[in-house]
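Novice: The structure that follows is given in the form of structure tokens.
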Amino acid sequence: MKRKLISLILIAICLGVFAPIGISRTGYYPNTIEGVLKLDDNEIDIATSVLLVSKRWGNGINIDSYLNRIDEMAEQVRKTVGPSASNRKTTEAINSLLFKKLGFKPVNNADNPDDLFLNTVIDNKRGYCLSLSILYLSIGERLDLPLYGVVVPGHFFVRCADKNRPFNIETTQQGLSPPDKHYINEFKIPDRTDGIYLRNLTKKETIGCLFNNLANVYYNNDQIEIAFYYQRLAVALNPMLAEARTNLGNIYLKKGMTDSAIEQYEKALRINSADVKTNHNLANAFRKKGLTDAAIRYYNIAIELDPNYVEIYKGLAEAYHSKGLDTKAIAVLRNAIDVNSRDPEIYTTLAGIYHDLGQLDSAISNYGIALSFENDSVEAACGLGYVYFQKERCYDAIEHFRTAVYYNPLHARSHLGLGLVYNKLGWPEDEIQAYENAIKADPDMVAAYQNLAGAYMGRKDYALAIENYKSAIKLSPQDTDIYFNMGVAYSELKQYDDAKRCYLKTIELRWNFPAAHNNLAITLYTLGRYQQSLNHAKIAQQQGFEVSEDLLNQLNKIVKENKL
């Protein structure tokens with residue numbers, strides 16, 4: 001799911017090759033953003049600071065060249081308004097320069113990193129609210145204007161602290177000046193006096209808002225640790241910015257640190273309880289942790305806040321399904337269809353529930369609807385493959401698994417499904433290749449290692465089977481079946497001490513495992529441990545296993561003779 005962070009973009013353009021007049025930069029300035037944060041707020045130059053961030057993303061940019069271009073913009077405004085111009089008149093000149101003469105335009109979303117970084121905003125003449133506002137603040141700083149960044153949930157703009165009458169500057173609307181009431185009504189600002197929203201920000205707080213969006217850029221670029229670094233800085237600089245805490249929670253969840261994610265989401269909701277996405281993400285975190293009742297509670301809160309947010313319905317349905325409340329789960333998905341009848345994921349989720357319920361024809365129907373809306377839906381094609389496999393329509397299953405793999409060659413579940421079908425058809429070479437492909441796609445897929453080991457067992461290649469059972473055990477050290485099957489492989493190789501170790505581990509994890517007691521009895525007999533062998537043979541028999549009468553008679557005879 002896409003995460004919306006506070007997003008604003010800068011738009012600026014080069015005015016020419018002439019040198020700016022009356023504007024100069026002198027003295028030492030840190031060459032890292034971390035150094036900038038050690039300065040007092042009044043020592044910080046916004047443009048230089050954010051360009052240091054840009055340089056770290058894209059090595060090789062010439063910071064001075066972009067500072068010169070911002071200087072040129074400021075100088076052109078100064079020449080236009082003349083000396084002693086009012087703040088209002090000067091900001092109107094900035095508006096005219098940026099949005100009319102230079103043609104800077106806002107973008108509708110913050111998906112493109114080029115719309116965040118100051119250098120590319122200047123080059124491309126486009127940005128979103130935060131980046132455009134930072135450019136505006138940079139120009140105003142060179143003109144000694146009393147400009148400040150202002151943040152509200154999901155948006156950022158500029159305010160001029162004019163002595164006579166402060167006014168807002170909306171950089172996404174060519175410098176329009178909406179009153180505070182507009183933002184209060186439009187962005188559902190939390191009603192609290194200790195917050196960050198709708199007040200003038202310090203320069204460090206503005207940089208913190210930038211870090212919040214910067215972390216999202218790195219997150220979407222799969223650079224999770226760098227995203228983590230900047231998101232923690234964003235929270236440290238703006239601890240009352242709910243979006244920053246939500247985004248930090250998202251990163252914790254991605255890193256598998258569910259408790260830390262929940263902590264951040266709850267802190268975000270204490271700041272802004274009406275944020276739909278935070279309620280939704282908290283529900284997801286509770287569901288991941290197995291706290292299904294808590295998840296259901298927050299899913300319902302999120303739906304109440306935004307009944308048109310389809311993703312919430314899917315999570316709520318899956319939560320109900322995990323509790324066996326399938327009638328409720330299906331009803332929730334039917335409500336989601338009323339909201340958006342063409343969302344393929346709704347039908348894929350619904351089909352999965354029908355599949356689990358054994359209603360295979362309904363599952364096929366809903367997977368088919370999903371594919372009619374999105375013919376490259378990997379999840380729908382894979383799900384349909386498993387339903388056809390269960391209905392023993394093997395060639396239909398192969399067709400859909402292969403379709404899923406065609407659209408996503410690294411879809412591990414589809415490769416695993418192909419292996420299952422090939423096993424059923426008696427195609428061992430294809431089966432082995434399918435499981436190996438599943439492991440390449442997901443090296444942590446326990447079932448792929450187990451099934452690959454099973455395929456090697458079928459070929460009596462016990463050494464390779466053991467190798468894959470060991471890989472499976474590393475990932476799932478409490479799985480008794482893996483230990484048991486590995487014991488069988490060692491037994492076939494006549495490596496009885498290793499076999500004994502595996503069977504003992506099996507019954508240590510699950511005492512009521514009669515086949516393990518039986519195999520352990522046979523192994524101990526082979527090792528000459530007759531009394532222990534007899535003990536486990538009797539336990540296997542007591543647990544319902546049909547133990548060999550010959551083994552029992554032989555053991556009873558040997559034990560009796562030894563006692564005499």
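Residue numbering restarts at 1 for every chain of the structure tokens, chains are lettered A, B, ... in their displayed order, and ligands are numbered from 1 as they appear.
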Can you tell me, as a VMD selection string, which residues in segment 146-366 of chain A count as alpha helix (DSSP H) by DSSP?

Specialist: chain A and resid 180 to 187 203 to 220 224 to 237 242 to 254 258 to 271 276 to 288 292 to 305 310 to 322 326 to 339 344 to 356 360 to 366

Novice: What lies within 9 Å of segment 154-162 of chain A using only C-alpha atoms, ignoring chain neighbours under 4 positions off, as an NGL selection string?

Specialist: :A and (4-8 or 86-88 or 91 or 129-134 or 136-137 or 145-150 or 166-172 or 177 or 187 or 200 or 209 or 243)

Novice: May I have the residues from that selection written out with C-alpha atoms, as a PDB file, in the first residue's frame?

Specialist:
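For reference, part.pdb as written:
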ATOM      1  CA  LYS A   4       1.345   9.325   2.016  1.00  0.00           C
ATOM      2  CA  LEU A   5       3.918  11.368   3.832  1.00  0.00           C
ATOM      3  CA  ILE A   6       3.971  15.101   4.227  1.00  0.00           C
ATOM      4  CA  SER A   7       4.918  16.002   0.709  1.00  0.00           C
ATOM      5  CA  LEU A   8       5.860  19.232  -0.929  1.00  0.00           C
ATOM      6  CA  SER A  86       6.079  45.641   1.860  1.00  0.00           C
ATOM      7  CA  ASN A  87       6.092  41.951   2.653  1.00  0.00           C
ATOM      8  CA  ARG A  88       2.852  41.522   0.730  1.00  0.00           C
ATOM      9  CA  THR A  91       5.627  37.874  -1.935  1.00  0.00           C
ATOM     10  CA  CYS A 129       3.669  21.247  -1.522  1.00  0.00           C
ATOM     11  CA  LEU A 130       6.756  20.642   0.628  1.00  0.00           C
ATOM     12  CA  SER A 131       9.391  21.030  -2.061  1.00  0.00           C
ATOM     13  CA  LEU A 132       7.737  24.079  -3.629  1.00  0.00           C
ATOM     14  CA  SER A 133       7.464  25.628  -0.180  1.00  0.00           C
ATOM     15  CA  ILE A 134      11.139  24.991   0.536  1.00  0.00           C
ATOM     16  CA  TYR A 136       9.784  29.636  -1.691  1.00  0.00           C
ATOM     17  CA  LEU A 137      11.374  29.800   1.780  1.00  0.00           C
ATOM     18  CA  LEU A 145      11.239  38.082   4.517  1.00  0.00           C
ATOM     19  CA  PRO A 146       9.689  36.719   7.739  1.00  0.00           C
ATOM     20  CA  LEU A 147       8.602  33.457   6.086  1.00  0.00           C
ATOM     21  CA  TYR A 148       7.971  30.166   7.886  1.00  0.00           C
ATOM     22  CA  GLY A 149       7.006  26.681   6.884  1.00  0.00           C
ATOM     23  CA  VAL A 150       3.648  25.446   8.193  1.00  0.00           C
ATOM     24  CA  PRO A 166       0.178  37.533   8.901  1.00  0.00           C
ATOM     25  CA  PHE A 167      -0.935  35.736   5.758  1.00  0.00           C
ATOM     26  CA  ASN A 168      -0.550  32.264   4.291  1.00  0.00           C
ATOM     27  CA  ILE A 169       0.995  31.413   0.907  1.00  0.00           C
ATOM     28  CA  GLU A 170      -0.252  28.324  -0.890  1.00  0.00           C
ATOM     29  CA  THR A 171       2.544  27.187  -3.212  1.00  0.00           C
ATOM     30  CA  THR A 172       0.337  24.620  -4.936  1.00  0.00           C
ATOM     31  CA  SER A 177      -3.533  33.204   0.494  1.00  0.00           C
ATOM     32  CA  PHE A 187      -7.182  18.925   6.696  1.00  0.00           C
ATOM     33  CA  ASN A 200       5.166  28.606  12.361  1.00  0.00           C
ATOM     34  CA  CYS A 209       9.337  17.482   7.505  1.00  0.00           C
ATOM     35  CA  GLU A 243       2.809  11.376  10.033  1.00  0.00           C
TER      36      GLU A 243
END

Novice: Would you compute the distance between atom CA of Leu464 of chain A and atom CA of His415 of chain A? Give it in Å to one decimal.

Specialist: 19.8 Å

Novice: With distances taken over only C-alpha atoms, which residue among A:Leu98, A:Leu551, A:Leu269, A:Ile364 lies nearest Leu135 of chain A?

Specialist: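 Ranked by minimum distance to Leu135 of chain A, first place goes to A:Leu98.
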
Novice: To one decimal place in Å, what is the distance between atom CA of Gln231 of chain A and atom CA of Tyr219 of chain A?

Specialist: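 If I compute the distance from atom CA of Gln231 of chain A to atom CA of Tyr219 of chain A, I get 9.8 Å.
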
Novice: Please determine, counting only C-alpha atoms, which residue among A:Leu210, A:Thr80, A:Tyr197, A:Leu97 has the shortest atom-to-atom distance to Leu116 of chain A.

Specialist: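 Nearest to Leu116 of chain A: A:Leu210.
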
Novice: Find the residues around His400 of chain A up to 10 Å (only C-alpha atoms counted), leave out those fewer than 5 positions away in its own chain, and share them as a ChimeraX atom specification.

Specialist: /A:378,380-386,388,395,405-406,414,417-418

Novice: Atoms to include: N, CA and C atoms. Write the selected residues as an mmCIF file, in the first residue's frame.

Specialist:
data_model
loop_
_atom_site.group_PDB
_atom_site.id
_atom_site.type_symbol
_atom_site.label_atom_id
_atom_site.label_comp_id
_atom_site.auth_asym_id
_atom_site.auth_seq_id
_atom_site.Cartn_x
_atom_site.Cartn_y
_atom_site.Cartn_z
ATOM 1 N N VAL A 378 -1.054 -11.676 -10.398
ATOM 2 C CA VAL A 378 -0.287 -12.863 -10.020
ATOM 3 C C VAL A 378 -1.001 -13.631 -8.913
ATOM 4 N N ALA A 380 -4.199 -13.735 -8.164
ATOM 5 C CA ALA A 380 -5.406 -14.412 -8.651
ATOM 6 C C ALA A 380 -5.034 -15.643 -9.470
ATOM 7 N N ALA A 381 -4.051 -15.521 -10.349
ATOM 8 C CA ALA A 381 -3.644 -16.665 -11.177
ATOM 9 C C ALA A 381 -3.098 -17.785 -10.304
ATOM 10 N N CYS A 382 -2.267 -17.440 -9.328
ATOM 11 C CA CYS A 382 -1.707 -18.446 -8.426
ATOM 12 C C CYS A 382 -2.808 -19.111 -7.607
ATOM 13 N N GLY A 383 -3.716 -18.299 -7.048
ATOM 14 C CA GLY A 383 -4.818 -18.852 -6.272
ATOM 15 C C GLY A 383 -5.663 -19.809 -7.086
ATOM 16 N N LEU A 384 -5.929 -19.432 -8.331
ATOM 17 C CA LEU A 384 -6.720 -20.293 -9.204
ATOM 18 C C LEU A 384 -5.971 -21.592 -9.483
ATOM 19 N N GLY A 385 -4.641 -21.503 -9.614
ATOM 20 C CA GLY A 385 -3.845 -22.717 -9.809
ATOM 21 C C GLY A 385 -4.021 -23.697 -8.662
ATOM 22 N N TYR A 386 -4.017 -23.203 -7.418
ATOM 23 C CA TYR A 386 -4.182 -24.091 -6.261
ATOM 24 C C TYR A 386 -5.584 -24.689 -6.202
ATOM 25 N N TYR A 388 -7.521 -25.374 -8.822
ATOM 26 C CA TYR A 388 -7.554 -26.414 -9.851
ATOM 27 C C TYR A 388 -6.747 -27.638 -9.421
ATOM 28 N N TYR A 395 -3.689 -29.920 -15.459
ATOM 29 C CA TYR A 395 -3.203 -29.108 -16.572
ATOM 30 C C TYR A 395 -3.738 -27.674 -16.498
ATOM 31 N N VAL A 405 3.871 -17.093 -12.935
ATOM 32 C CA VAL A 405 5.328 -17.016 -13.032
ATOM 33 C C VAL A 405 5.748 -16.146 -14.209
ATOM 34 N N TYR A 406 4.956 -16.156 -15.267
ATOM 35 C CA TYR A 406 5.268 -15.313 -16.422
ATOM 36 C C TYR A 406 5.259 -13.838 -16.010
ATOM 37 N N SER A 414 3.884 -19.775 -6.599
ATOM 38 C CA SER A 414 3.521 -20.370 -7.888
ATOM 39 C C SER A 414 4.508 -21.467 -8.277
ATOM 40 N N GLY A 417 3.599 -24.389 -6.228
ATOM 41 C CA GLY A 417 2.409 -25.030 -6.778
ATOM 42 C C GLY A 417 2.734 -25.897 -7.980
ATOM 43 N N LEU A 418 3.608 -25.400 -8.861
ATOM 44 C CA LEU A 418 4.021 -26.207 -10.007
ATOM 45 C C LEU A 418 4.683 -27.500 -9.540
#
